[in-house]
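So this block is structure03.txt, compact mmCIF, C-alpha atoms:
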```txt
# COMPACT_ATOMS: atom_id res chain seq x y z
CA MET A 1 12.16 -86.39 50.75
CA ASN A 2 8.95 -84.87 49.49
CA HIS A 3 8.62 -82.99 46.20
CA ALA A 4 9.44 -79.58 47.69
CA GLU A 5 12.59 -80.95 49.28
CA TRP A 6 13.66 -82.53 46.00
CA GLN A 7 13.19 -79.14 44.33
CA GLU A 8 15.46 -77.50 46.88
CA ALA A 9 17.99 -80.25 46.28
CA ILE A 10 17.81 -79.58 42.55
CA ASP A 11 18.60 -75.90 43.14
CA ALA A 12 21.57 -76.84 45.28
CA TYR A 13 22.70 -79.32 42.63
CA VAL A 14 22.52 -76.68 39.90
CA ASP A 15 24.64 -74.40 42.11
CA ARG A 16 27.06 -77.27 42.87
CA GLN A 17 26.28 -76.91 46.54
CA LEU A 18 24.92 -80.39 47.17
CA ASP A 19 26.84 -82.77 49.40
CA ALA A 20 27.93 -86.06 47.83
CA ARG A 21 25.41 -88.25 49.60
CA THR A 22 22.37 -86.12 48.76
CA ARG A 23 23.68 -85.74 45.24
CA GLU A 24 23.67 -89.52 44.79
CA ARG A 25 20.16 -89.77 46.18
CA LEU A 26 19.00 -87.02 43.87
CA LEU A 27 20.50 -88.65 40.80
CA LEU A 28 18.74 -91.90 41.71
CA HIS A 29 15.49 -90.04 42.21
CA LEU A 30 15.81 -88.35 38.84
CA LYS A 31 15.82 -91.71 37.10
CA ASP A 32 12.29 -92.31 38.29
CA CYS A 33 10.84 -88.81 38.38
CA ALA A 34 10.15 -87.13 35.05
CA SER A 35 8.84 -84.00 36.76
CA CYS A 36 12.10 -83.44 38.65
CA ARG A 37 14.15 -84.19 35.53
CA GLU A 38 12.19 -81.56 33.69
CA ASP A 39 12.62 -79.14 36.58
CA MET A 40 16.37 -79.63 36.64
CA ALA A 41 16.77 -79.29 32.88
CA SER A 42 14.75 -76.10 32.91
CA LEU A 43 16.68 -74.59 35.81
CA GLU A 44 20.02 -75.49 34.30
CA ARG A 45 18.98 -73.78 31.10
CA ILE A 46 17.84 -70.62 32.89
CA VAL A 47 21.02 -70.43 34.96
CA SER A 48 23.16 -71.06 31.90
CA GLU A 49 21.35 -68.37 29.91
CA ALA A 50 21.64 -65.92 32.80
CA LYS A 51 25.39 -66.40 32.95
CA ALA A 52 25.59 -65.85 29.20
CA LEU A 53 23.68 -62.55 29.21
CA PRO A 54 25.81 -59.67 27.95
CA SER A 55 27.75 -58.24 30.85
CA ALA A 56 27.65 -54.79 29.28
CA ILE A 57 24.70 -52.84 27.92
CA GLU A 58 25.95 -49.52 26.65
CA PRO A 59 24.04 -46.53 28.01
CA PRO A 60 22.69 -43.92 25.60
CA SER A 61 25.34 -41.49 24.46
CA HIS A 62 23.81 -38.54 26.31
CA VAL A 63 24.64 -40.09 29.67
CA TRP A 64 28.33 -39.31 29.23
CA TRP A 65 27.84 -35.65 28.60
CA ARG A 66 25.50 -35.42 31.54
CA VAL A 67 28.45 -36.66 33.55
CA ALA A 68 30.79 -34.25 31.79
CA ASP A 69 28.43 -31.35 32.46
CA ALA A 70 28.22 -32.28 36.11
CA LEU A 71 32.00 -32.35 36.48
CA ALA A 72 31.94 -28.60 36.31
CA VAL A 73 29.76 -28.45 39.42
CA PRO A 74 31.82 -28.38 42.64
CA ALA A 75 31.17 -31.42 44.82
CA ASP A 76 30.33 -29.28 47.83
CA SER A 77 27.90 -27.02 46.03
CA GLU A 78 24.26 -26.99 46.96
CA SER A 79 23.30 -29.26 44.10
CA PRO A 80 26.09 -31.75 43.60
CA ARG A 81 23.76 -34.04 41.78
CA PRO A 82 23.73 -33.33 38.06
CA VAL A 83 20.55 -32.12 36.55
CA VAL A 84 18.83 -34.96 34.81
CA ARG A 85 16.76 -33.85 31.89
CA SER A 86 13.36 -35.32 32.50
CA VAL A 87 11.86 -33.95 29.36
CA PRO A 88 9.88 -36.20 27.09
CA SER A 89 11.86 -35.25 24.06
CA ARG A 90 15.47 -34.45 23.43
CA PHE A 91 14.29 -31.50 21.37
CA ARG A 92 12.53 -29.71 24.12
CA PHE A 93 15.48 -27.50 24.83
CA ALA A 94 17.00 -26.10 21.76
CA ILE A 95 16.76 -26.40 18.06
CA GLY A 96 17.18 -23.42 15.84
CA ALA A 97 19.28 -21.80 13.26
CA ALA A 98 22.45 -22.26 15.25
CA GLY A 99 21.63 -25.90 15.74
CA LEU A 100 21.18 -26.32 12.00
CA ALA A 101 24.49 -24.65 11.33
CA ALA A 102 26.18 -26.88 13.85
CA MET A 103 24.64 -29.96 12.28
CA LEU A 104 25.74 -29.00 8.82
CA TRP A 105 29.25 -28.22 10.00
CA VAL A 106 29.52 -31.55 11.74
CA ALA A 107 28.02 -33.38 8.78
CA VAL A 108 30.49 -31.83 6.38
CA LYS A 109 33.29 -32.69 8.75
CA ILE A 110 32.21 -36.26 9.15
CA ALA A 111 31.30 -37.08 5.56
CA PRO A 112 34.73 -38.03 4.20
CA HIS A 113 35.18 -40.57 6.97
CA GLY A 114 31.67 -41.87 7.07
CA ARG A 115 30.98 -42.65 3.43
CA ASP A 116 33.96 -44.80 2.73
CA THR A 117 36.28 -45.99 5.42
CA ASP A 118 38.72 -47.15 2.74
CA ARG A 119 39.31 -43.57 1.73
CA MET A 120 40.50 -42.52 5.15
CA THR A 121 43.84 -40.86 4.79
CA ALA A 122 46.43 -39.47 7.08
CA THR A 123 45.23 -36.20 8.44
CA ALA A 124 47.39 -33.38 9.63
CA PRO A 125 46.50 -32.50 13.17
CA SER A 126 44.87 -29.19 13.74
CA GLU A 127 42.56 -27.65 16.25
CA LYS A 128 39.43 -28.74 14.38
CA GLN A 129 40.70 -32.04 13.11
CA PRO A 130 42.44 -33.77 15.99
CA ASP A 131 45.07 -36.34 15.14
CA LEU A 132 42.90 -39.20 16.21
CA ILE A 133 42.61 -40.78 12.78
CA VAL A 134 45.96 -41.68 11.34
CA ILE A 135 45.36 -44.31 8.72
CA SER A 136 47.54 -44.58 5.68
CA ASN A 137 46.26 -45.38 2.19
CA ASN A 138 48.97 -47.96 1.93
CA ALA A 139 48.42 -49.69 5.23
CA GLU A 140 45.58 -51.89 6.27
CA PRO A 141 43.72 -50.10 9.05
CA GLN A 142 44.22 -51.79 12.39
CA PRO A 143 41.55 -52.33 15.03
CA SER A 144 43.04 -49.62 17.18
CA ASP A 145 42.72 -47.17 14.27
CA TRP A 146 39.07 -48.10 13.87
CA ALA A 147 38.53 -47.72 17.55
CA ARG A 148 39.89 -44.22 17.41
CA MET A 149 37.77 -43.48 14.37
CA ILE A 150 34.62 -44.68 16.11
CA TRP A 151 35.57 -42.68 19.15
CA THR A 152 35.95 -39.61 16.96
CA LEU A 153 32.61 -40.23 15.26
CA GLU A 154 30.92 -40.60 18.60
CA GLU A 155 32.48 -37.42 19.92
CA GLU A 156 31.33 -35.53 16.83
CA SER A 157 27.88 -36.97 17.23
CA LEU A 158 27.83 -35.96 20.88
CA SER A 159 28.95 -32.47 19.95
CA ALA A 160 26.16 -32.27 17.41
CA GLU A 161 23.56 -33.42 19.89
CA LYS A 162 24.86 -31.07 22.50
CA ALA A 163 24.66 -28.17 20.09
CA VAL A 164 21.02 -29.06 19.53
CA PHE A 165 20.30 -29.41 23.21
CA THR A 166 21.95 -26.32 24.49
CA GLY A 167 22.04 -23.91 21.60
CA LEU A 168 19.94 -20.80 21.59
CA SER A 169 16.91 -22.04 23.41
CA GLU A 170 15.57 -18.50 23.47
CA HIS A 171 14.78 -18.75 19.76
CA LEU A 172 12.52 -21.71 20.17
CA ASP A 173 8.82 -21.97 20.42
CA ALA A 174 6.61 -24.90 21.33
CA GLN A 175 5.57 -25.56 17.76
CA ALA A 176 9.18 -25.78 16.59
CA LEU A 177 9.92 -28.30 19.31
CA GLU A 178 6.84 -30.27 18.43
CA ARG A 179 7.85 -30.42 14.78
CA ALA A 180 11.38 -31.51 15.58
CA SER A 181 10.17 -34.17 17.97
CA ALA A 182 8.82 -36.09 15.00
CA VAL A 183 12.24 -37.63 14.45
CA GLU A 184 12.73 -38.56 18.10
CA PRO A 185 11.62 -42.22 17.78
CA ALA A 186 13.96 -42.73 14.83
CA LEU A 187 16.82 -41.16 16.76
CA GLN A 188 16.15 -43.40 19.73
CA ALA A 189 16.19 -46.44 17.46
CA LEU A 190 19.49 -45.30 15.98
CA ASP A 191 20.97 -44.79 19.45
CA ILE A 192 20.09 -48.38 20.25
CA ALA A 193 21.58 -49.59 16.97
CA ILE A 194 24.75 -47.59 17.60
CA ASN A 195 25.09 -48.97 21.11
CA GLU A 196 24.59 -52.53 19.98
CA THR A 197 27.02 -52.21 17.10
CA ALA A 198 29.60 -50.56 19.34
CA HIS A 199 29.21 -53.44 21.75
CA ALA A 200 29.70 -55.91 18.91
CA MET A 201 32.84 -54.04 17.89
CA ARG A 202 34.25 -54.49 21.33
CA LEU A 203 33.86 -58.22 20.89
CA ALA A 204 35.17 -58.21 17.32
CA PRO A 205 37.26 -55.09 16.84
CA GLU A 206 38.79 -56.48 13.67
CA ASN A 207 35.47 -56.70 11.83
CA ARG A 208 35.40 -54.13 9.02
CA GLU A 209 31.72 -54.71 8.31
CA LEU A 210 30.89 -53.56 11.83
CA VAL A 211 32.98 -50.44 11.28
CA ARG A 212 31.02 -49.64 8.13
CA THR A 213 27.74 -50.36 9.85
CA LEU A 214 28.56 -48.14 12.77
CA THR A 215 29.79 -45.37 10.50
CA GLY A 216 26.56 -45.62 8.55
CA TYR A 217 24.50 -45.35 11.70
CA TYR A 218 26.34 -42.21 12.73
CA GLU A 219 25.75 -40.74 9.27
CA ARG A 220 22.05 -41.47 9.55
CA LYS A 221 21.94 -39.96 12.99
CA LEU A 222 23.53 -36.76 11.77
CA GLU A 223 21.13 -36.71 8.83
CA LEU A 224 18.20 -37.06 11.22
CA LEU A 225 19.55 -34.24 13.35
CA ARG A 226 19.73 -32.08 10.24
CA ILE A 227 16.14 -32.99 9.41
CA ALA A 228 15.13 -32.13 12.95
CA ALA A 229 16.77 -28.76 12.65
CA ARG A 230 14.99 -28.12 9.35
CA LEU A 231 11.69 -29.19 10.84
CA ALA A 232 12.20 -26.85 13.75
CA SER A 233 13.12 -23.91 11.59
CA GLY A 234 10.20 -24.53 9.24
CA THR A 235 12.38 -25.01 6.17
CA TRP A 236 11.38 -28.62 5.58
CA ALA A 237 9.76 -28.89 2.16
CA MET B 1 44.01 -47.90 25.77
CA THR B 2 42.87 -51.29 24.61
CA TYR B 3 39.53 -51.15 22.89
CA GLY B 4 37.23 -54.09 22.83
CA THR B 5 37.00 -55.63 26.24
CA ARG B 6 34.12 -57.20 28.01
CA PRO B 7 34.30 -56.37 31.70
CA ALA B 8 34.67 -59.42 33.89
CA LYS B 9 31.82 -60.65 36.05
CA ALA B 10 32.36 -61.33 39.74
CA GLY B 11 34.96 -64.03 40.18
CA GLU B 12 36.01 -63.97 36.52
CA VAL B 13 39.46 -63.06 35.36
CA HIS B 14 39.16 -59.70 33.72
CA GLY B 15 39.17 -59.75 29.95
CA VAL B 16 39.70 -63.48 29.55
CA ALA B 17 36.28 -64.12 28.08
CA SER B 18 36.79 -61.59 25.29
CA GLY B 19 40.34 -62.62 24.59
CA THR B 20 41.48 -59.01 24.64
CA PRO B 21 42.87 -58.31 28.07
CA VAL B 22 43.16 -54.85 29.45
CA LEU B 23 46.59 -54.22 30.83
CA ASP B 24 46.51 -53.58 34.54
CA LEU B 25 49.14 -50.97 33.95
CA GLU B 26 46.85 -48.95 31.71
CA GLU B 27 44.05 -49.08 34.23
CA GLN B 28 46.48 -48.01 36.92
CA GLU B 29 47.57 -45.11 34.77
CA LEU B 30 43.97 -44.09 34.26
CA VAL B 31 43.31 -44.27 37.98
CA ALA B 32 46.43 -42.17 38.55
CA GLY B 33 45.04 -39.72 36.01
CA LEU B 34 41.79 -39.59 37.94
CA ARG B 35 43.64 -38.84 41.13
CA ALA B 36 45.40 -36.02 39.33
CA GLY B 37 42.06 -34.60 38.22
CA ASP B 38 42.36 -35.50 34.54
CA GLU B 39 38.88 -35.63 33.03
CA ARG B 40 40.20 -37.60 30.06
CA ALA B 41 41.04 -40.44 32.41
CA LEU B 42 37.47 -40.46 33.64
CA GLU B 43 36.19 -40.51 30.08
CA ALA B 44 38.46 -43.41 29.18
CA LEU B 45 37.32 -45.36 32.23
CA TYR B 46 33.73 -44.50 31.39
CA ARG B 47 34.16 -45.92 27.92
CA LEU B 48 35.61 -49.09 29.36
CA HIS B 49 33.12 -49.66 32.12
CA ALA B 50 29.91 -47.69 31.54
CA GLY B 51 28.27 -50.61 29.75
CA ARG B 52 28.77 -52.92 32.68
CA VAL B 53 27.63 -50.33 35.21
CA HIS B 54 24.56 -49.63 33.09
CA ALA B 55 23.76 -53.33 32.75
CA VAL B 56 23.93 -53.79 36.51
CA GLY B 57 21.72 -50.77 37.16
CA LEU B 58 19.26 -51.69 34.45
CA ARG B 59 18.83 -55.28 35.57
CA LEU B 60 18.62 -54.47 39.25
CA THR B 61 16.14 -51.62 38.92
CA ALA B 62 14.30 -52.74 35.76
CA ASP B 63 14.01 -49.03 35.03
CA PRO B 64 15.94 -47.52 32.08
CA SER B 65 15.74 -43.95 33.40
CA ARG B 66 16.93 -44.99 36.80
CA ALA B 67 19.73 -47.02 35.25
CA GLU B 68 20.98 -43.93 33.40
CA GLU B 69 20.96 -41.98 36.64
CA ILE B 70 22.93 -44.76 38.29
CA VAL B 71 25.60 -44.65 35.58
CA GLN B 72 25.79 -40.90 35.98
CA ASP B 73 25.96 -41.04 39.78
CA VAL B 74 28.51 -43.83 39.87
CA PHE B 75 30.97 -42.08 37.58
CA LEU B 76 30.56 -38.80 39.42
CA GLN B 77 31.19 -40.69 42.64
CA VAL B 78 34.31 -42.17 41.06
CA TRP B 79 35.46 -38.70 40.08
CA ARG B 80 34.80 -37.15 43.44
CA ARG B 81 35.75 -40.02 45.70
CA ILE B 82 38.63 -41.69 43.93
CA GLY B 83 40.57 -40.96 47.10
CA SER B 84 38.57 -43.64 48.88
CA TYR B 85 39.81 -46.28 46.43
CA GLU B 86 42.83 -47.76 48.17
CA GLY B 87 43.93 -50.02 45.36
CA ARG B 88 43.56 -53.25 47.34
CA SER B 89 41.19 -54.70 44.76
CA ARG B 90 40.92 -54.20 41.04
CA PHE B 91 39.49 -50.83 40.12
CA SER B 92 36.74 -52.56 38.14
CA THR B 93 35.76 -54.63 41.18
CA TRP B 94 35.51 -51.47 43.26
CA LEU B 95 33.57 -49.71 40.51
CA TYR B 96 31.02 -52.50 40.06
CA ARG B 97 30.53 -52.71 43.79
CA LEU B 98 29.74 -48.99 43.71
CA ALA B 99 27.25 -49.69 40.92
CA VAL B 100 25.53 -52.44 42.89
CA ASN B 101 25.41 -50.32 46.04
CA ARG B 102 24.07 -47.32 44.14
CA SER B 103 21.41 -49.48 42.50
CA LEU B 104 20.33 -50.95 45.82
CA ASP B 105 20.28 -47.47 47.36
CA ALA B 106 18.04 -46.32 44.53
CA LEU B 107 15.65 -49.18 45.16
CA ARG B 108 15.65 -48.48 48.90
CA GLY B 109 14.89 -44.85 48.12
CA ASP B 110 12.00 -45.93 45.98
CA ALA B 111 10.64 -48.04 48.80
CA GLY B 112 10.02 -44.91 50.85
CA ALA B 113 8.18 -43.23 48.05
CA ARG B 114 6.14 -46.15 46.89
CA ARG B 115 5.38 -49.62 48.03
CA GLU B 116 7.39 -52.43 46.61
CA ARG B 117 5.57 -53.77 43.60
CA PRO B 118 6.06 -57.45 44.25
CA GLU B 119 3.07 -58.53 42.28
CA THR B 120 2.39 -55.66 39.97
CA GLU B 121 0.34 -56.08 36.89
CA ALA B 122 3.50 -56.47 34.84
CA ALA B 123 4.96 -58.95 37.27
CA LEU B 124 1.85 -61.05 37.19
CA ARG B 125 1.41 -60.94 33.45
CA PRO B 126 1.69 -64.47 32.13
CA ALA B 127 4.47 -65.21 29.72
CA ARG B 128 1.99 -66.50 27.17
CA THR B 129 -1.50 -65.22 26.78
CA ASN B 130 -2.25 -67.56 23.96
CA GLY B 131 -0.58 -70.22 21.92
CA THR B 132 0.70 -67.88 19.24
CA GLU B 133 2.36 -65.28 21.44
CA ALA B 134 6.06 -65.81 21.91
CA ALA B 135 7.39 -66.45 25.37
CA MET B 136 9.17 -63.62 27.16
CA ASP B 137 12.86 -63.39 26.65
CA LEU B 138 15.00 -63.81 29.69
CA GLU B 139 15.79 -60.10 30.10
CA SER B 140 12.12 -59.16 30.08
CA ALA B 141 11.28 -61.98 32.43
CA ILE B 142 13.97 -60.86 34.88
CA GLY B 143 12.60 -57.33 34.70
CA SER B 144 9.14 -58.62 35.59
CA LEU B 145 10.29 -60.36 38.77
CA PRO B 146 9.32 -59.01 42.17
CA GLU B 147 12.04 -56.71 43.44
CA GLY B 148 13.54 -58.96 46.09
CA ALA B 149 13.69 -61.97 43.82
CA ARG B 150 15.06 -59.89 40.97
CA ILE B 151 17.89 -58.45 43.06
CA VAL B 152 19.04 -61.85 44.24
CA PHE B 153 18.71 -63.47 40.81
CA VAL B 154 20.68 -60.72 39.10
CA LEU B 155 23.41 -60.64 41.71
CA HIS B 156 23.73 -64.43 42.01
CA ASP B 157 22.98 -65.89 38.61
CA VAL B 158 23.99 -63.00 36.35
CA GLU B 159 26.72 -61.21 38.28
CA GLY B 160 28.15 -64.22 40.10
CA TYR B 161 27.93 -63.02 43.70
CA ARG B 162 27.66 -65.56 46.52
CA HIS B 163 24.72 -65.60 48.91
CA GLU B 164 26.90 -64.30 51.75
CA GLU B 165 27.96 -61.32 49.63
CA ILE B 166 24.40 -60.64 48.56
CA ALA B 167 23.32 -60.78 52.18
CA SER B 168 26.00 -58.29 53.12
CA LEU B 169 25.18 -55.96 50.24
CA SER B 170 21.43 -55.96 50.56
CA GLY B 171 21.03 -56.36 54.31
CA ILE B 172 19.22 -59.68 54.27
CA ALA B 173 20.11 -63.07 55.74
CA PRO B 174 21.92 -65.57 53.49
CA GLY B 175 18.97 -67.91 53.95
CA THR B 176 16.64 -65.23 52.65
CA SER B 177 18.89 -64.79 49.66
CA LYS B 178 18.67 -68.51 48.91
CA ALA B 179 14.90 -68.47 49.29
CA GLN B 180 14.58 -65.49 46.96
CA LEU B 181 16.77 -67.20 44.38
CA PHE B 182 14.61 -70.32 44.55
CA ARG B 183 11.54 -68.17 44.08
CA ALA B 184 13.07 -66.19 41.24
CA ARG B 185 14.07 -69.25 39.27
CA ARG B 186 10.62 -70.82 39.59
CA LEU B 187 8.93 -67.60 38.54
CA LEU B 188 11.25 -67.29 35.57
CA ARG B 189 10.56 -70.86 34.57
CA GLU B 190 6.85 -70.17 34.68
CA ARG B 191 7.08 -66.90 32.82
CA LEU B 192 9.38 -68.25 30.17
CA GLY B 193 6.88 -71.02 29.59
CA ARG B 194 9.34 -73.81 30.30
```
Since I need it in another form, could you write the structure as structure tokens?
Amino acid sequence: MNHAEWQEAIDAYVDRQLDARTRERLLLHLKDCASCREDMASLERIVSEAKALPSAIEPPSHVWWRVADALAVPADSESPRPVVRSVPSRFRFAIGAAGLAAMLWVAVKIAPHGRDTDRMTATAPSEKQPDLIVISNNAEPQPSDWARMIWTLEEESLSAEKAVFTGLSEHLDAQALERASAVEPALQALDIAINETAHAMRLAPENRELVRTLTGYYERKLELLRIAARLASGTWA
Amino acid sequence: MTYGTRPAKAGEVHGVASGTPVLDLEEQELVAGLRAGDERALEALYRLHAGRVHAVGLRLTADPSRAEEIVQDVFLQVWRRIGSYEGRSRFSTWLYRLAVNRSLDALRGDAGARRERPETEAALRPARTNGTEAAMDLESAIGSLPEGARIVFVLHDVEGYRHEEIASLSGIAPGTSKAQLFRARRLLRERLGR
């Protein structure tokens, strides 16, 4: 075998596709050929690392509500494909007084849960406070409770974003959008942090530190959205 | 709904790696909900599987915007065409196959609009430009591969598909798939500086 043929044999060996006889010949060859040994070690490492890559990379949160928006469009309509916002900034559409009000409402609603997960208490179900979080003061919160809490936080965050995106675009002007766009990079970074922490929680749902971290990220995101609304409305001091 | 599962890769028992299995029954109930037109079932399935669908789309296309579109399209396809799922395989298997097909369709669509960029500037950029610069990480290096090599590497070495399946999915010969994998691994080795 020449060098190229040995390389092919190494690939087959790494994939466990080599027949027994060629495998023996290859192993003998490896004893004398440092280059092929190095090649095999390198390939085995790459293949091993590839198999260990995370199987899930959470998409940004806005992807879900794009899907949800598109569900309302009949499949046989002229444009079954959902409209993908190709704007450079999430604030191109709508930020205004209504957006600010929505942010503040959501922030007030979220604050008791976000600041201290230990203080979460049983909550009577109502229209505005769904019975998703049912955690007793006397009981240690269980992973499933945290999962529901995170789900609730994410839904509130999505609602807040959606209010910003879709609310009262007629009140906006280009300067307002430009001002609000200043927080866009920070929001994108937070989205990434939220996705990564949520992924970690799926691997370790019992980890309270991750719950606190994720809650903190959502709080920061809502705070940034409030800042964006203030920037847009010109009330930022 | 069990929270905290890592979707299984091709050929892997679902949920075993994470130690938190999803009950088949729950998934069946969600699929039944989909068939009944319950949007909450779609949302629950999205939360379970969107990460995996996104990862497949992102790695195959190396394009974050396109990957988001793929997630969106796949779940709308699930919603609108759940009737075509006959239940002979796991729902997740069917879903991920949709994701792979949608990603490959997107790449084929791109081919009509622009030439394949097998040796674009990014693809040719060396992993190290000097001794102090860190080598590329594996994800970046995969993203820099020429399209054909990237598809085969992702499907074979990341997703666990066999060459025959890759050939069937992407319309190439199994031998071509093997050759592309060989090429991809050597390029990765070079770009990772190993």
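If you take only C-alpha atoms and a cut-off of 6 Å, the residues of chain A that reach chain B are Ala50, Lys51, Ser55, Ala56, Ile57, Glu58, Pro59, Val67, Arg202 and Leu203 of chain A.
Between atom CA of B:Ser140 and atom CA of A:Ala182 the separation is 27.8 Å.
Using only C-alpha atoms, the smallest distance between any of A:Ala200, A:Leu30, A:Val211, A:Ile227 and A:Ala180 comes from A:Ile227.
As for atom CA of A:Tyr13 and atom CA of A:Leu28, they are spaced 13.2 Å apart.
Taking only C-alpha atoms, the non-local environment of stretch 193-199 of chain A within 7 Å (same-chain residues fewer than 6 positions away omitted) comprises A:Glu58, A:Leu210, A:Leu214, A:Tyr217.
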For this session: Just give me the gap between atom CA of A:Leu224 and atom CA of A:Asn207 in Å, one decimal is fine.
Result: 26.2 Å
Problem set entry | Selection: 12 Å around A:Gln17, all atoms listed in the file, excl. self and same-chain fewer than 6 positions, as a ChimeraX atom specification | /A:8-11,23 /B:162-163,178
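Proximity of B:Glu165, B:Asp63, B:Glu190, B:Glu27 to B:Glu147, computed with only C-alpha atoms, is greatest for B:Asp63.
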Enclose all atoms of stretch 216-224 of chain A listed in the file in an axis-aligned box, grow every side by 8 Å, and hand back centre and edge lengths in Å to one decimal, as lines of an AutoDock Vina configuration file.
```
center_x = 22.4
center_y = -41.2
center_z = 10.8
size_x = 24.4
size_y = 24.9
size_z = 20.4
```
For stretch 159-176 of chain B, supply N, CA and C atoms and report the output as an mmCIF file, in the coordinates of the input.
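Listing of rebuild-v9.cif after writing:
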```
data_model
loop_
_atom_site.group_PDB
_atom_site.id
_atom_site.type_symbol
_atom_site.label_atom_id
_atom_site.label_comp_id
_atom_site.auth_asym_id
_atom_site.auth_seq_id
_atom_site.Cartn_x
_atom_site.Cartn_y
_atom_site.Cartn_z
ATOM 1 N N GLU B 159 25.472 -61.867 37.907
ATOM 2 C CA GLU B 159 26.720 -61.210 38.280
ATOM 3 C C GLU B 159 27.709 -62.131 39.005
ATOM 4 N N GLY B 160 27.234 -63.256 39.503
ATOM 5 C CA GLY B 160 28.150 -64.220 40.100
ATOM 6 C C GLY B 160 28.491 -63.998 41.561
ATOM 7 N N TYR B 161 27.689 -63.212 42.272
ATOM 8 C CA TYR B 161 27.930 -63.020 43.700
ATOM 9 C C TYR B 161 27.463 -64.243 44.482
ATOM 10 N N ARG B 162 28.090 -64.467 45.647
ATOM 11 C CA ARG B 162 27.660 -65.560 46.520
ATOM 12 C C ARG B 162 26.571 -65.044 47.460
ATOM 13 N N HIS B 163 25.833 -65.992 48.047
ATOM 14 C CA HIS B 163 24.720 -65.600 48.910
ATOM 15 C C HIS B 163 25.212 -64.741 50.090
ATOM 16 N N GLU B 164 26.381 -65.072 50.611
ATOM 17 C CA GLU B 164 26.900 -64.300 51.750
ATOM 18 C C GLU B 164 27.175 -62.854 51.340
ATOM 19 N N GLU B 165 27.689 -62.682 50.118
ATOM 20 C CA GLU B 165 27.960 -61.320 49.630
ATOM 21 C C GLU B 165 26.657 -60.574 49.386
ATOM 22 N N ILE B 166 25.698 -61.274 48.822
ATOM 23 C CA ILE B 166 24.400 -60.640 48.560
ATOM 24 C C ILE B 166 23.764 -60.211 49.869
ATOM 25 N N ALA B 167 23.878 -61.093 50.876
ATOM 26 C CA ALA B 167 23.320 -60.780 52.180
ATOM 27 C C ALA B 167 23.961 -59.517 52.740
ATOM 28 N N SER B 168 25.273 -59.448 52.592
ATOM 29 C CA SER B 168 26.000 -58.290 53.120
ATOM 30 C C SER B 168 25.617 -57.009 52.365
ATOM 31 N N LEU B 169 25.484 -57.135 51.056
ATOM 32 C CA LEU B 169 25.180 -55.960 50.240
ATOM 33 C C LEU B 169 23.764 -55.449 50.463
ATOM 34 N N SER B 170 22.838 -56.383 50.568
ATOM 35 C CA SER B 170 21.430 -55.960 50.560
ATOM 36 C C SER B 170 20.784 -56.014 51.942
ATOM 37 N N GLY B 171 21.558 -56.392 52.956
ATOM 38 C CA GLY B 171 21.030 -56.360 54.310
ATOM 39 C C GLY B 171 19.979 -57.412 54.595
ATOM 40 N N ILE B 172 20.132 -58.576 53.986
ATOM 41 C CA ILE B 172 19.220 -59.680 54.270
ATOM 42 C C ILE B 172 20.054 -60.870 54.756
ATOM 43 N N ALA B 173 19.394 -61.878 55.286
ATOM 44 C CA ALA B 173 20.110 -63.070 55.740
ATOM 45 C C ALA B 173 20.470 -63.933 54.533
ATOM 46 N N PRO B 174 21.573 -64.674 54.605
ATOM 47 C CA PRO B 174 21.920 -65.570 53.490
ATOM 48 C C PRO B 174 20.790 -66.550 53.170
ATOM 49 N N GLY B 175 20.080 -67.003 54.188
ATOM 50 C CA GLY B 175 18.970 -67.910 53.950
ATOM 51 C C GLY B 175 17.857 -67.247 53.142
ATOM 52 N N THR B 176 17.643 -65.974 53.416
ATOM 53 C CA THR B 176 16.640 -65.230 52.650
ATOM 54 C C THR B 176 17.068 -65.098 51.201
#
```
